[in-house]
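Engineer: Have a peek at final-v5.txt (compact mmCIF, C-alpha atoms and all ligand atoms).
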```
# COMPACT_ATOMS: atom_id res chain seq x y z
CA MET A 1403 0.00 0.00 0.00
CA ARG A 1404 1.14 3.60 -0.51
CA THR A 1405 -0.14 7.09 0.07
CA ALA A 1406 -0.78 9.58 -2.72
CA LYS A 1407 2.49 10.69 -4.32
CA ARG A 1408 1.63 14.29 -3.65
CA LEU A 1409 2.27 13.63 0.08
CA ASP A 1410 5.79 12.23 -0.44
CA GLU A 1411 7.49 15.61 -0.11
CA VAL A 1412 5.18 16.90 2.63
CA GLY A 1413 7.02 16.80 5.95
CA PHE A 1414 5.97 16.46 9.56
CA SER A 1415 7.03 19.36 11.72
CA ASP A 1416 10.41 18.92 13.47
CA ILE A 1417 8.85 20.73 16.37
CA VAL A 1418 7.03 17.52 17.31
CA GLN A 1419 10.39 15.79 17.89
CA ILE A 1420 11.52 18.59 20.18
CA ARG A 1421 8.25 18.38 22.12
CA ASN A 1422 8.80 14.63 22.58
CA LYS A 1423 12.26 15.20 24.01
CA ILE A 1424 10.86 17.75 26.45
CA LEU A 1425 8.18 15.27 27.53
CA GLU A 1426 10.91 12.66 28.14
CA LEU A 1427 12.89 15.07 30.34
CA ARG A 1428 9.78 16.02 32.27
CA ALA A 1429 8.78 12.37 32.72
CA ALA A 1430 12.22 11.80 34.24
CA GLY A 1431 11.48 14.57 36.77
CA THR A 1432 13.65 17.28 35.15
CA PRO A 1433 12.00 20.73 35.16
CA VAL A 1434 12.26 22.33 31.71
CA HIS A 1435 12.35 26.09 31.05
CA ALA A 1436 9.91 25.99 28.16
CA PHE A 1437 10.52 28.68 25.52
CA HIS A 1438 9.61 26.49 22.57
CA GLY A 1439 5.85 27.06 22.46
CA GLY A 1440 3.68 29.24 20.29
CA GLU A 1441 0.68 29.93 22.53
CA PRO A 1442 -0.55 32.92 24.52
CA PHE A 1443 0.54 32.86 28.19
CA PHE A 1444 -2.99 33.55 29.51
CA GLU A 1445 -6.14 31.41 29.48
CA THR A 1446 -9.17 31.94 27.22
CA PRO A 1447 -11.15 34.84 28.79
CA GLU A 1448 -14.17 33.71 30.85
CA PRO A 1449 -16.84 35.52 28.75
CA ILE A 1450 -15.71 33.52 25.70
CA LYS A 1451 -16.00 30.23 27.57
CA ALA A 1452 -19.38 31.29 28.96
CA ALA A 1453 -20.63 32.04 25.42
CA ALA A 1454 -19.74 28.50 24.32
CA SER A 1455 -21.52 27.01 27.36
CA ARG A 1456 -24.54 29.20 26.69
CA ALA A 1457 -24.63 28.12 23.05
CA MET A 1458 -24.61 24.47 24.13
CA ALA A 1459 -27.31 25.03 26.76
CA GLU A 1460 -29.44 26.75 24.12
CA ASN A 1461 -28.92 23.82 21.74
CA GLN A 1462 -26.84 25.75 19.24
CA THR A 1463 -25.37 22.36 18.43
CA ARG A 1464 -26.62 21.59 14.95
CA TYR A 1465 -25.06 22.05 11.53
CA ALA A 1466 -24.29 25.69 10.84
CA PRO A 1467 -23.82 27.11 7.31
CA SER A 1468 -20.43 25.78 6.20
CA SER A 1469 -19.10 29.33 5.73
CA GLY A 1470 -20.02 30.30 9.29
CA ILE A 1471 -22.98 31.58 11.31
CA ALA A 1472 -24.32 34.91 10.07
CA PRO A 1473 -23.77 36.95 13.28
CA LEU A 1474 -20.11 35.90 13.40
CA ARG A 1475 -19.47 36.69 9.73
CA GLU A 1476 -21.16 40.08 10.19
CA ALA A 1477 -19.07 40.87 13.27
CA ILE A 1478 -15.88 39.81 11.45
CA ALA A 1479 -16.77 42.05 8.49
CA ARG A 1480 -17.27 45.01 10.87
CA LYS A 1481 -13.94 44.28 12.58
CA LEU A 1482 -12.18 44.16 9.19
CA GLN A 1483 -13.73 47.45 8.11
CA THR A 1484 -12.77 49.30 11.30
CA ARG A 1485 -9.56 47.70 12.57
CA ASN A 1486 -8.02 46.55 9.29
CA ARG A 1487 -9.46 49.34 7.11
CA MET A 1488 -10.56 46.84 4.51
CA ASP A 1489 -13.42 47.35 2.15
CA VAL A 1490 -15.27 44.07 2.84
CA ALA A 1491 -18.82 42.73 2.76
CA VAL A 1492 -20.15 39.76 4.71
CA GLU A 1493 -19.88 37.59 1.56
CA ASP A 1494 -16.10 38.15 1.57
CA VAL A 1495 -15.70 36.36 4.93
CA ILE A 1496 -15.48 32.62 5.63
CA VAL A 1497 -14.98 31.03 9.05
CA THR A 1498 -12.28 28.34 9.19
CA VAL A 1499 -10.74 25.85 11.60
CA GLY A 1500 -8.03 28.25 12.75
CA GLY A 1501 -5.59 30.26 10.70
CA ALA A 1502 -3.91 27.05 9.52
CA HIS A 1503 -7.09 25.91 7.77
CA ALA A 1504 -7.58 29.35 6.20
CA LEU A 1505 -4.04 29.19 4.79
CA HIS A 1506 -4.43 25.62 3.56
CA ALA A 1507 -7.68 26.57 1.85
CA ALA A 1508 -6.03 29.64 0.32
CA PHE A 1509 -3.14 27.67 -1.20
CA GLN A 1510 -5.53 24.98 -2.46
CA THR A 1511 -7.73 27.66 -4.01
CA VAL A 1512 -4.98 29.51 -5.84
CA LEU A 1513 -2.28 27.04 -6.84
CA ASP A 1514 -1.92 24.67 -9.76
CA PRO A 1515 0.75 21.95 -9.93
CA GLY A 1516 4.03 23.53 -11.01
CA ASP A 1517 3.26 27.04 -9.75
CA ASP A 1518 5.89 28.92 -7.75
CA VAL A 1519 5.12 30.75 -4.50
CA LEU A 1520 7.49 33.42 -3.19
CA LEU A 1521 7.84 33.36 0.57
CA PHE A 1522 9.95 35.50 2.82
CA SER A 1523 12.33 33.29 4.78
CA PRO A 1524 12.67 32.45 7.65
CA TYR A 1525 8.99 31.52 7.59
CA TRP A 1526 6.41 29.68 9.71
CA THR A 1527 7.33 26.03 9.04
CA PRO A 1528 3.96 24.59 7.91
CA ILE A 1529 3.76 27.04 5.01
CA ARG A 1530 6.34 25.16 2.96
CA ASP A 1531 4.43 21.92 3.42
CA MET A 1532 1.08 23.53 2.61
CA ILE A 1533 2.52 24.80 -0.67
CA VAL A 1534 4.03 21.40 -1.46
CA MET A 1535 0.69 19.74 -0.68
CA ALA A 1536 -0.81 21.91 -3.41
CA GLU A 1537 1.92 20.47 -5.73
CA ALA A 1538 3.48 23.90 -6.08
CA ARG A 1539 7.05 25.02 -5.36
CA PRO A 1540 8.04 27.22 -2.40
CA VAL A 1541 10.70 29.76 -3.44
CA MET A 1542 12.51 31.33 -0.51
CA VAL A 1543 13.14 35.07 -0.56
CA PRO A 1544 15.70 35.90 2.15
CA THR A 1545 14.00 38.57 4.25
CA ALA A 1546 17.22 40.14 5.53
CA THR A 1547 18.57 40.54 1.98
CA ALA A 1548 15.24 41.91 0.75
CA ARG A 1549 15.14 44.53 3.51
CA ARG A 1550 18.76 45.46 2.91
CA ASN A 1551 18.83 45.53 -0.90
CA GLY A 1552 15.23 46.42 -1.66
CA ILE A 1553 12.09 44.30 -1.58
CA THR A 1554 11.21 44.82 -5.25
CA ALA A 1555 14.68 43.92 -6.53
CA CYS A 1556 14.70 40.79 -4.39
CA LEU A 1557 11.21 39.65 -5.42
CA GLU A 1558 12.21 40.32 -9.04
CA HIS A 1559 15.34 38.22 -8.58
CA PHE A 1560 13.48 35.16 -7.26
CA SER A 1561 10.40 35.29 -9.47
CA THR A 1562 10.00 33.10 -12.56
CA PRO A 1563 7.35 32.80 -15.26
CA ALA A 1564 5.77 30.16 -12.99
CA THR A 1565 5.37 32.56 -10.05
CA ARG A 1566 1.71 32.71 -9.11
CA ALA A 1567 1.57 33.97 -5.51
CA ILE A 1568 3.41 35.61 -2.63
CA TYR A 1569 2.98 34.47 0.97
CA TYR A 1570 3.15 37.61 3.08
CA ASN A 1571 3.25 37.24 6.88
CA THR A 1572 3.38 40.25 9.17
CA PRO A 1573 4.13 40.27 12.10
CA GLN A 1574 6.35 37.31 11.30
CA ASN A 1575 6.90 34.02 12.99
CA PRO A 1576 9.74 33.24 13.87
CA SER A 1577 11.59 36.57 13.66
CA GLY A 1578 9.00 38.96 15.12
CA LEU A 1579 9.63 41.26 12.18
CA VAL A 1580 6.88 43.71 11.20
CA PHE A 1581 6.89 44.93 7.61
CA SER A 1582 6.49 48.71 7.31
CA ARG A 1583 3.78 50.45 5.27
CA ASN A 1584 6.40 51.25 2.60
CA GLU A 1585 7.42 47.61 2.41
CA ALA A 1586 3.77 46.52 2.16
CA GLU A 1587 3.31 49.02 -0.67
CA GLU A 1588 6.36 47.62 -2.48
CA VAL A 1589 5.04 44.05 -2.23
CA ALA A 1590 1.61 45.25 -3.40
CA GLU A 1591 3.04 47.17 -6.33
CA PHE A 1592 5.06 44.10 -7.39
CA ALA A 1593 2.02 41.80 -7.07
CA ILE A 1594 -0.11 44.15 -9.19
CA ARG A 1595 2.56 44.61 -11.85
CA ARG A 1596 3.15 40.85 -12.13
CA ASN A 1597 -0.53 39.93 -11.69
CA LEU A 1598 0.20 37.77 -8.61
CA VAL A 1599 -2.07 36.67 -5.80
CA VAL A 1600 -1.03 37.57 -2.25
CA ILE A 1601 -1.78 35.12 0.54
CA ALA A 1602 -1.51 37.27 3.64
CA ASP A 1603 -1.11 35.83 7.14
CA GLU A 1604 -2.03 38.23 9.92
CA ALA A 1605 -2.19 35.77 12.83
CA TYR A 1606 -0.27 38.22 15.07
CA GLU A 1607 -2.00 41.43 13.93
CA ASP A 1608 -2.70 42.54 17.52
CA LEU A 1609 0.87 42.05 18.72
CA VAL A 1610 2.78 44.99 17.26
CA TYR A 1611 5.00 46.93 19.70
CA GLU A 1612 6.76 49.29 17.31
CA GLY A 1613 5.40 50.62 14.04
CA GLU A 1614 1.93 49.83 12.70
CA HIS A 1615 0.16 46.77 11.42
CA VAL A 1616 -0.78 47.27 7.78
CA SER A 1617 -3.18 44.79 6.19
CA ILE A 1618 -1.89 44.49 2.65
CA ALA A 1619 -5.44 43.90 1.35
CA SER A 1620 -6.34 47.44 2.48
CA LEU A 1621 -3.92 48.97 -0.05
CA PRO A 1622 -5.31 50.23 -3.38
CA GLY A 1623 -5.84 47.47 -5.95
CA MET A 1624 -5.09 44.69 -3.48
CA ALA A 1625 -8.47 43.50 -2.17
CA GLU A 1626 -9.26 41.60 -5.35
CA ARG A 1627 -5.89 39.79 -5.44
CA THR A 1628 -5.41 39.02 -1.73
CA ILE A 1629 -6.64 36.20 0.47
CA THR A 1630 -5.99 37.12 4.10
CA ALA A 1631 -5.91 34.52 6.88
CA TYR A 1632 -6.74 35.43 10.48
CA THR A 1633 -7.07 33.45 13.69
CA PHE A 1634 -8.65 33.79 17.14
CA SER A 1635 -5.75 31.70 18.52
CA LYS A 1636 -3.27 34.40 19.45
CA THR A 1637 -5.26 37.55 20.28
CA TYR A 1638 -7.87 35.72 22.37
CA ALA A 1639 -5.83 32.74 23.66
CA MET A 1640 -8.03 30.29 21.74
CA THR A 1641 -5.41 27.98 20.21
CA GLY A 1642 -7.30 24.82 21.16
CA TRP A 1643 -10.70 26.04 19.96
CA ARG A 1644 -9.56 25.97 16.34
CA VAL A 1645 -11.28 28.97 14.88
CA GLY A 1646 -10.12 31.59 12.40
CA TYR A 1647 -11.30 33.12 9.13
CA ALA A 1648 -10.29 34.06 5.63
CA VAL A 1649 -11.20 37.17 3.66
CA ALA A 1650 -11.26 37.24 -0.13
CA LYS A 1651 -13.20 38.48 -3.14
CA GLU A 1652 -14.44 36.35 -6.02
CA PRO A 1653 -13.38 34.14 -7.68
CA PHE A 1654 -11.34 33.11 -4.65
CA MET A 1655 -14.22 33.05 -2.18
CA THR A 1656 -15.99 30.35 -4.19
CA GLY A 1657 -12.76 28.32 -4.11
CA LEU A 1658 -12.42 28.77 -0.36
CA ARG A 1659 -16.04 27.76 0.16
CA LYS A 1660 -15.50 24.55 -1.78
CA ILE A 1661 -12.35 23.64 0.17
CA VAL A 1662 -14.02 24.37 3.52
CA LEU A 1663 -17.18 22.48 2.55
CA TYR A 1664 -15.33 19.32 1.54
CA SER A 1665 -12.65 19.40 4.24
CA THR A 1666 -14.51 20.25 7.47
CA ASN A 1667 -18.00 21.42 6.44
CA GLY A 1668 -17.42 24.36 8.77
CA VAL A 1669 -16.45 25.03 12.35
CA SER A 1670 -18.21 23.58 15.42
CA THR A 1671 -21.31 25.70 16.13
CA PRO A 1672 -20.69 26.44 19.87
CA THR A 1673 -17.13 27.48 18.99
CA GLN A 1674 -18.48 30.04 16.52
CA TRP A 1675 -20.68 31.60 19.24
CA ALA A 1676 -17.58 31.75 21.45
CA ALA A 1677 -15.68 33.50 18.63
CA LEU A 1678 -18.50 36.02 18.28
CA GLN A 1679 -18.15 36.82 21.98
CA ALA A 1680 -14.36 37.20 21.54
CA LEU A 1681 -14.92 39.99 19.02
CA SER A 1682 -16.74 42.04 21.64
CA ILE A 1683 -13.66 42.13 23.89
CA PRO A 1684 -12.68 45.82 23.93
CA GLU A 1685 -9.53 46.97 22.19
CA SER A 1686 -8.31 48.37 25.52
CA ALA A 1687 -8.12 44.80 26.90
CA ILE A 1688 -6.11 43.69 23.85
CA ALA A 1689 -3.81 46.69 24.32
CA ALA A 1690 -3.30 45.81 28.00
CA ARG A 1691 -2.21 42.27 27.03
CA ARG A 1692 0.10 43.73 24.42
CA GLU A 1693 1.85 45.70 27.17
CA GLU A 1694 2.30 42.48 29.17
CA TYR A 1695 3.94 40.91 26.13
CA ARG A 1696 6.14 43.97 25.67
CA ARG A 1697 7.47 43.67 29.25
CA ARG A 1698 8.31 40.03 28.65
CA ARG A 1699 9.97 40.82 25.32
CA ASP A 1700 12.15 43.55 26.83
CA LEU A 1701 13.21 41.32 29.71
CA LEU A 1702 14.16 38.36 27.51
CA VAL A 1703 15.88 40.32 24.74
CA LYS A 1704 17.97 42.33 27.20
CA GLY A 1705 19.02 39.12 28.97
CA LEU A 1706 19.93 37.36 25.72
CA ASN A 1707 22.05 40.29 24.53
CA GLU A 1708 23.84 40.41 27.88
CA LEU A 1709 24.70 36.73 27.40
CA GLY A 1710 26.27 37.55 24.03
CA LEU A 1711 23.37 36.03 22.08
CA GLU A 1712 22.85 38.99 19.79
CA CYS A 1713 19.17 39.67 19.39
CA GLN A 1714 17.38 42.50 17.65
CA LEU A 1715 14.30 43.85 19.37
CA PRO A 1716 11.40 42.09 17.61
CA ALA A 1717 8.70 44.62 16.67
CA GLY A 1718 5.84 42.10 16.79
CA ALA A 1719 4.48 38.60 17.61
CA PHE A 1720 5.90 36.89 20.72
CA TYR A 1721 9.19 35.41 19.58
CA ALA A 1722 12.84 36.40 19.96
CA PHE A 1723 15.24 35.05 17.35
CA PRO A 1724 18.80 35.55 18.61
CA CYS A 1725 21.95 34.69 16.70
CA ILE A 1726 23.68 31.72 18.35
CA GLN A 1727 26.72 31.46 16.10
CA ASN A 1728 29.15 32.23 18.89
CA ILE A 1729 28.09 28.93 20.50
CA HIS A 1730 27.97 26.91 17.26
CA LYS A 1731 26.86 27.70 13.74
CA GLU A 1732 24.33 24.84 13.59
CA SER A 1733 21.11 25.74 15.34
CA ARG A 1734 20.06 22.11 15.89
CA ARG A 1735 23.22 21.47 17.90
CA VAL A 1736 22.74 24.63 19.92
CA SER A 1737 19.09 23.90 20.63
CA THR A 1738 20.00 20.37 21.80
CA LEU A 1739 22.85 21.73 23.94
CA LEU A 1740 20.59 24.32 25.60
CA LEU A 1741 17.97 21.67 26.30
CA GLU A 1742 20.32 18.99 27.61
CA LYS A 1743 22.70 21.20 29.60
CA ALA A 1744 20.51 24.10 30.74
CA HIS A 1745 17.04 22.51 30.35
CA VAL A 1746 16.09 25.51 28.22
CA ALA A 1747 13.77 24.48 25.39
CA THR A 1748 14.00 26.47 22.12
CA ILE A 1749 13.36 25.75 18.44
CA PRO A 1750 16.37 25.55 16.07
CA GLY A 1751 16.17 28.34 13.52
CA VAL A 1752 16.87 26.04 10.57
CA VAL A 1753 13.42 24.54 11.07
CA PHE A 1754 12.09 27.86 9.70
CA GLY A 1755 14.10 27.58 6.48
CA ALA A 1756 17.78 27.82 5.54
CA GLN A 1757 17.73 31.55 6.28
CA GLY A 1758 16.87 30.78 9.91
CA GLU A 1759 20.12 28.83 10.44
CA GLY A 1760 22.44 30.39 13.01
CA HIS A 1761 19.49 31.39 15.21
CA VAL A 1762 17.16 29.75 17.71
CA ARG A 1763 13.61 30.80 18.49
CA PHE A 1764 12.51 31.65 22.02
CA SER A 1765 8.86 32.37 22.75
CA TYR A 1766 8.43 35.07 25.40
CA SER A 1767 4.78 34.21 25.83
CA VAL A 1768 5.68 32.80 29.26
CA SER A 1769 5.76 34.21 32.81
CA PRO A 1770 8.40 36.85 33.67
CA GLN A 1771 9.56 34.42 36.37
CA LEU A 1772 10.21 31.73 33.76
CA ILE A 1773 12.17 34.25 31.69
CA GLU A 1774 14.34 35.11 34.74
CA GLU A 1775 14.90 31.42 35.55
CA GLY A 1776 15.69 30.53 31.94
CA LEU A 1777 18.20 33.37 31.65
CA GLU A 1778 19.82 32.27 34.92
CA ALA A 1779 20.16 28.70 33.60
CA LEU A 1780 21.73 30.07 30.40
CA ARG A 1781 24.11 32.25 32.42
CA LYS A 1782 25.32 29.18 34.30
CA LEU A 1783 25.95 27.38 31.02
CA LEU A 1784 27.40 30.20 28.94
CA GLY A 1785 28.56 32.79 31.48
C1 LIG A 1801 2.52 32.77 11.33
C2 LIG A 1801 1.37 31.93 11.77
N1 LIG A 1801 0.31 31.87 10.98
C3 LIG A 1801 -0.77 31.14 11.30
C4 LIG A 1801 -0.81 30.40 12.46
C5 LIG A 1801 -2.05 29.59 12.66
O1 LIG A 1801 -2.55 29.44 13.90
P1 LIG A 1801 -3.91 28.66 14.16
O2 LIG A 1801 -4.02 27.55 13.18
O3 LIG A 1801 -3.82 28.21 15.57
O4 LIG A 1801 -5.00 29.64 13.98
C6 LIG A 1801 0.30 30.42 13.33
C7 LIG A 1801 0.33 29.60 14.56
O5 LIG A 1801 1.33 29.40 15.18
C8 LIG A 1801 1.42 31.21 12.97
O6 LIG A 1801 2.50 31.27 13.74
```
As structure tokens, please, write out the structure in this file.

Structural biologist:
Amino acid sequence: MRTAKRLDEVGFSDIVQIRNKILELRAAGTPVHAFHGGEPFFETPEPIKAAASRAMAENQTRYAPSSGIAPLREAIARKLQTRNRMDVAVEDVIVTVGGAHALHAAFQTVLDPGDDVLLFSPYWTPIRDMIVMAEARPVMVPTATARRNGITACLEHFSTPATRAIYYNTPQNPSGLVFSRNEAEEVAEFAIRRNLVVIADEAYEDLVYEGEHVSIASLPGMAERTITAYTFSKTYAMTGWRVGYAVAKEPFMTGLRKIVLYSTNGVSTPTQWAALQALSIPESAIAARREEYRRRRDLLVKGLNELGLECQLPAGAFYAFPCIQNIHKESRRVSTLLLEKAHVATIPGVVFGAQGEGHVRFSYSVSPQLIEEGLEALRKLLG
């Protein structure tokens, strides 16, 4: 027996192997300073949980429209109009099983076998596999080079006649980089000139500490060529609920609706009522959380730099991505060393593409106490 050939080149995330090693250490009674995760440090807010319970008590437990319940899609459209300054109607919104599902549906909607997709690297690991699953080719655009030498020149350099789309993630995982408005405009101008689709990933839109978050679909001429993926996971600490959404115009919305219909037939109904409640959380509460993240970021980045692990201040998301080359140039070796000798769990940068080599990723979505303890353990090892 064999699986479909199209899955041969699709990988399983390395991050799973790291998680297993951490579980082994913990099972042996070793406390681990866990910086490897990608989840908010706080629990899902009570009103969101209460909305799900209420929905169940009121028997909101039957099939919902596969694109999402009307009140949620309407609330999402209003949020996109006000917070993201996008010109959207309710028909442009589809509810998905998290941001991951929105992205998968976007790649499946847009790509034909043999197409090329430009993606800024280092990148969030599953993206490569999602592109490969659509039988297309991921083409890495080194972000550092692009920012240094010019985004347009770099995109030009890596594009081919087969280029069909650009994956554009801001704020970025793993680097925490936030593209500026000028950079967004350059990407948009290139996409329009070359008639490309942009698949935008704004999972961390509410975690920007310096600069502004610009939704590329809000720029002139971009709404009709952009599919944007959003998630409730990060802003509202809802990683396990699996709810997100995609925004697109036709013909892409019909494509997304087909993929969602035949993959999941929509998101669990009580979860959608919980998501609707999440959207009524005031922006002031989101801003207060952002400040808590900022404190953690400043603490970790200062500590890493003091240890000689050179780290730029990430402008967004909740990851620090220090250079570890003065320990060893291979990030897998460094990550293993930090875990085995200091019980500090990180993710090797190479997992995020060749351009991530020489770095490891720390999440600072942890308690300030854990940051202090982790830095102390690193000081003992490296100091
Ligand atoms: C860059 C990026 N995009 C999208 C996602 C998708 O998250 P989810 O599927 O939980 O909504 C993540 C999660 O880690 C991410 O880091």

Engineer: Show me which residues are within 6 Å of ligand LIG 1801 (chain A) counting only C-alpha atoms and all ligand atoms, and format the list as an mmCIF file with C-alpha atoms, keeping the file's coordinate frame.

Structural biologist:
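What ended up in out-v1.cif:
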```cif
data_model
loop_
_atom_site.group_PDB
_atom_site.id
_atom_site.type_symbol
_atom_site.label_atom_id
_atom_site.label_comp_id
_atom_site.auth_asym_id
_atom_site.auth_seq_id
_atom_site.Cartn_x
_atom_site.Cartn_y
_atom_site.Cartn_z
ATOM 1 C CA GLY A 1440 3.680 29.240 20.290
ATOM 2 C CA GLY A 1500 -8.030 28.250 12.750
ATOM 3 C CA GLY A 1501 -5.590 30.260 10.700
ATOM 4 C CA ALA A 1502 -3.910 27.050 9.520
ATOM 5 C CA TRP A 1526 6.410 29.680 9.710
ATOM 6 C CA GLN A 1574 6.350 37.310 11.300
ATOM 7 C CA ASN A 1575 6.900 34.020 12.990
ATOM 8 C CA ASP A 1603 -1.110 35.830 7.140
ATOM 9 C CA ALA A 1605 -2.190 35.770 12.830
ATOM 10 C CA THR A 1633 -7.070 33.450 13.690
ATOM 11 C CA SER A 1635 -5.750 31.700 18.520
ATOM 12 C CA THR A 1641 -5.410 27.980 20.210
ATOM 13 C CA GLY A 1646 -10.120 31.590 12.400
#
```

Engineer: What lies within 9 Å of stretch 1614-1627 of chain A using all atoms listed in the file, ignoring chain neighbours under 3 positions off, as a PyMOL selection string?

Structural biologist: chain A and resi 1486-1490+1570+1572-1573+1580-1583+1586-1587+1589-1591+1593-1594+1597-1602+1604+1607-1611+1630+1650-1654

Engineer: Give the padded box for stretch 1558-1562 of chain A as JSON: axis-aligned, covering all atoms listed in the file, 6 Å on each side, centre and edge lengths in Å to one decimal.

Structural biologist:
```
{"center_x": 12.7, "center_y": 36.7, "center_z": -9.9, "size_x": 17.3, "size_y": 19.2, "size_z": 17.3}
```

Engineer: Would you work out the distance separating atom CA of A:Met1532 from atom CA of A:Gly1760, expressed in Å to one decimal?

Structural biologist: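 Separating atom CA of A:Met1532 from atom CA of A:Gly1760 is a distance of 24.7 Å.
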
Engineer: In Å, how far is it from atom CA of A:Ser1769 to atom CA of A:Ala1676?

Structural biologist: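 Going from atom CA of A:Ser1769 over to atom CA of A:Ala1676 covers 26.1 Å.
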
Engineer: For a test of reading the model, state the distance in Å between atom CA of A:Val1492 and atom CA of A:Glu1441, rounded to one decimal.

Structural biologist: 29.1 Å

Engineer: Write out as a list of chain:residue names each polymer residue whose atoms come within 9 Å of A:Cys1556, counting all atoms listed in the file; drop sequence neighbours fewer than 4 positions from it.

Structural biologist: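 So the residues in contact are A:Val1543, A:Pro1544, A:Thr1545, A:Thr1547, A:Ala1548, A:Arg1549, A:Asn1551, A:Gly1552, A:Phe1560, A:Ser1561.
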
Engineer: Which polymer residues have any atom within 9 Å of an atom of A:Gly1776, counting only C-alpha atoms, with same-chain residues fewer than 6 positions away left out, as a ChimeraX atom specification?

Structural biologist: /A:1434-1437,1744-1746

Engineer: Which is closer to A:Ser1415 than all the others in A:Ser1469, A:Thr1562, A:Thr1527, A:Thr1446, using all atoms listed in the file?

Structural biologist: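 Comparing A:Ser1469, A:Thr1562, A:Thr1527, A:Thr1446 against A:Ser1415, the winner is A:Thr1527.
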
Engineer: Which is closer to A:Leu1701 than all the others in A:Ala1491, A:Leu1772, A:Tyr1569, A:Pro1750, using all atoms listed in the file?

Structural biologist: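 Distance minimum relative to A:Leu1701 lands on A:Leu1772.
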
Engineer: Skip A:Tyr1695 itself and residues of its chain fewer than 2 positions away, then list as a list of chain:residue names all residues within 8 Å of it, counting all atoms listed in the file.

Structural biologist: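 Residues near the query, excluding close chain neighbours: A:Arg1691, A:Arg1692, A:Glu1693, A:Arg1697, A:Arg1698, A:Arg1699, A:Phe1720, A:Tyr1766, A:Ser1767.
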
Engineer: Restricting the calculation to only C-alpha atoms, which member of A:Leu1505, A:Ala1459, A:Leu1579, A:Ile1420 is positioned closest to A:Ala1717?

Structural biologist: A:Leu1579

Engineer: Rank A:Ala1457, A:Ala1639, A:Ala1687, A:Ala1477 by their smallest atom-to-atom distance to A:Phe1444, using all atoms listed in the file, and report the top residue only.

Structural biologist: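 Residue with the minimum atom-to-atom distance to A:Phe1444: A:Ala1639.
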
Engineer: Mind listing as a list in words all residues within 12 Å of (12.9, 18.4, 15.3), counting all atoms listed in the file?

Structural biologist: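 These residues have at least one counted atom within 12 Å: Gly1413, Phe1414, Ser1415, Asp1416, Ile1417, Val1418, Gln1419, Ile1420, Arg1421, Asn1422, Lys1423, Ile1424, His1438, Thr1527, Ser1733, Arg1734, Arg1735, Ser1737, Thr1738, Ala1747, Thr1748, Ile1749, Pro1750, Gly1751, Val1752, Val1753 and Phe1754 of chain A.
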
Engineer: Kindly indicate which residue among A:Phe1764, A:Tyr1647, A:Tyr1721, A:Tyr1465 lies nearest to A:Thr1498, using all atoms listed in the file for the distances.

Structural biologist: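 Answer, going by the shortest atom-to-atom distance: A:Tyr1647.
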